[in-house]
Amino acid sequence: MVKYVGKRIIYMFITMFLIATATFFLMQTLPGSPISSYNKLNDNQKAIVEKKYGIDKPKPVQYAIYMKNLAKGDLGTSFAFKGKSVNDLLASRIKPSFILGAQAMVFGTIIGILLGMIAALKQNTFWDYGSTFFAILGISIPSFVFATLLQYFVASQWHLLPVGLWNDGWKSSILPSIALAMGPLALSARFIRTEMIEVMGSDYITLAKAKGANGFEIAFKHAFRNALIPLITVLGPVAAGLVTGSLVVEQIFAIPGIGEQFVSSIMVNDFATIMGTTLFFSAFLIVVIFIVDILYGVIDPRIRLSGGKA
Amino acid sequence: MKNTKWLLLMAMTLVLSIFLAACGGSDDKKEDTTKEDGKDGNATETPKKEDGEPDAEQILNLAESAAIPSVDSAIVEDAVGFNVLNNVNEGLYRLDEENAAIPAMASEEATESDDGLTYTFKLRDAKWSDGSPVTAEDFVFAWQRAIDPATGSPYGPFMMSGTVKNATAISEGKMDKKELGIVAKDEKTLEVTLERPVPYFLSLMSFGTFYPQKEAFVTEKGDAYATNSDSLLYNGPFTLTDWDGTGGSWVYKKNDEYWDAENVKLTQINVNVVQDSATAVKLYKDGKLDRAGVSGDLAMQYSTDEEAVLQPETSVFYFKFNQEKGGKETPLANENIRKAIAKSFQKEDLADVVLANGSLPANFLVPKDFAYDEDGKDFRDISGDHLEYDAEEAKDLWATGLKELGVDSLELEILGGDTDLSKKMDEYFQSQLETNLEGLTIKLKEVPFAVRLELDGNQDYDIQVSGWGPDFQDPISFLDLFVTDGTNNLMSYSNKEYDQLIADSKGDLALKPAERYEAFAKAEKILLDEDAAIAPIYQRGLIFLEKPYFKGLVSHPFGADYSFKWAYISGKE
């Protein structure tokens, strides 16, 4: 197990290195300059400013400098936010994004699992159709549409919650979290339903029934745990979906999070911030996938690893 | 039976999702053509409102469209930064409620030498927010810092080169910054020497790049200077608080140390960054904001709202005709072809129906309500209209042009922005041009702003929808763009007579205001009527929703967008 984890960690670093390299060079193909007043300056003035930002050096040199700093955990200085380190920038914006993402994930999967179970246990009834309908809506409608609808009805029309901004504490996070949660919710509902139906038809459930275990016990103790494994496998991609969803949802609710920062840094060619946010998102996803892989073993002893037999 | 239920459900879902998708107008992007001039919301006047007694509570809630990149006056280069600077700091002069430059840190009007090269300023007894006095040395330090190549300031060299003595040589590293044409005669007297007479010099003194900085404070903070609201000093009407340097919100508080504090009524302004215009409007309607910009498609929807305020700006948009591409002459090198295109589209409909955001049709390059002569006469009344819409004449010119080129049809590309509004506008041009000019095929190329700048830089386009906002109050801010080899010409336009007129305005005519304005008028006529080097389209306007109790906001035609100094709340409760 230890050896397996060690190996995975090494792979994670290699992946990060490749992502950093690819992003660095892809970013260089972005048209335009990070200097916002670029078209007002003459060549001499441009040279002065480019020198200050270190973008006058050849690309390989810039790359070497960046990677050296990255190894020390220094993401560099933002081009757009003058004199501010990207580390500080991310730190100041991580909290809203984290709260939204975590709430959406927890709320989405829990409600999704419940809906999926109800659908499976009451197969082909009104409950089943209702939850399926809900899940199809969640899968087919993007989060920004939910965001707009929730904002319009719940906030603008009924005045139950804030329209946007991050000034009302927890209340500010409710609507964007719900909008983001629709994806995970729908996905987990569908997965759990399918798996539960399959598991409920398997021999050991029939045995449990024959032994006289009650319905509730069968559903939660026996069926649910097995149905959970495939769901765990999709949690990684679901987390990725949350990240992309948050880019737009944060903008709609005017929440000063990382997603909003990422989008605006691309618009102004803020190279250091683009790199920083991309690496941050990548690191986040890689860690989530890693955790998911470890969780398999916890939930299903058959997958548990030992002695390096990966 | 079961199947029909399912079908019904699926159909309902489909209908619902189409309906929902249609409502999803939330991805409205802010019109980004503005970024070109680094300004957003340069305006000339806000409709007058009747005065009322200010309320007891003077707290305002506003939105900005972007976060603050910097508040270091030597570094600032964007609209938000200049706006913040204008409200928390103050230069020798400040634009007043009528947008005239009046003494601010200066205690009285500057004395100007007869040759127009030396200005002497007397400073008033003003204080920094830490209680220390604002001295002449603070200006010397800030100006030297802004031009020092080590600072890497974009606007320092841009504003000072060719204006303040020795600025160009210093910015190129050929001279020490101590040689800059600014000297502190004593603690309260400042002497500025210029390279050439600059008739609009005093209005420049209201611009952020020329604000003072206290050396002891800047040196003490080092790299941390101006990175958050605690590492700054203020000498303006407000101080900045709760700004962490990168965050999406900040607060202005009334500055009690400000010399004119008794005339500042607002005690606090809360600002949040709201990028999405649709969100800003919803927040406004919910009472969370006292003013909200309405951009893009929303403008048409809200233009009739009873709280809508039209605000004309000083940014002008025009076609650039590229005369040389890849070393070869383009069909646009033909004067008749350019004139034909310039006269072939209806500008009123474009402004009123397509843009519908308070924009004005433009038959000029230097905007309306922007530059005035000594008697206060608008430059537009001196220079008149050029290149007006005339479909019949356009047809004749087009036929002549084609004959001269020896072809009977042409295919040209219009390069424009990728926002919804830009696309709508480009389609309008396409239909107008193709209808009025027989044998013309227009292809549209719609790209993000940065891409357009790059194509512009490489001179890789036929016709480009471009725009410009001024940095100081003088026609030269626009007319300088199109001199031969000007940094923004980038279309191989060259006219010796035009170049000469612009050179004269900076030389022989600099101290003769009336003749100088005549030279500008002549230059504009050459550029438009005679050469049709560019084809003016519109002068941009903006629509804001503004609460009726929010009064006294002053918007400026150049530099910072707004002053809150005279703003107040009256009749909210």
# chains A, B, ... in the order shown; residues from 1 in each chain; ligands from 1
>>> residues_around(residues="segment 495-506 of chain B", least_positions_apart="2", cutoff="9 Å", atoms="only C-alpha atoms", output="ChimeraX atom specification")
/B:196-199,476,479-480,482-484,493,508-512,515-517,519-520,522-524,526-527,531
>>> residues_around(residues="Lys51 of chain A", least_positions_apart="3", cutoff="12 Å", atoms="only C-alpha atoms", output="list of chain:residue names")
A:Ile35, A:Asn44, A:Gln45, A:Lys46, A:Ala47, A:Ile48, A:Gly54, A:Ile55, A:Asp56, A:Lys57, A:Pro58, A:Gln62, B:Pro149, B:Ala150, B:Thr151, B:Gly152, B:Ser153, B:Pro154
>>> closest_residue(among="B:Gly236, B:Pro103, B:Gly507, B:Pro157", to="chain A", atoms="only C-alpha atoms")
B:Pro157
>>> residues_around(residues="Ser171 of chain B", least_positions_apart="3", cutoff="6 Å", atoms="only C-alpha atoms", output="count of residues only")
4
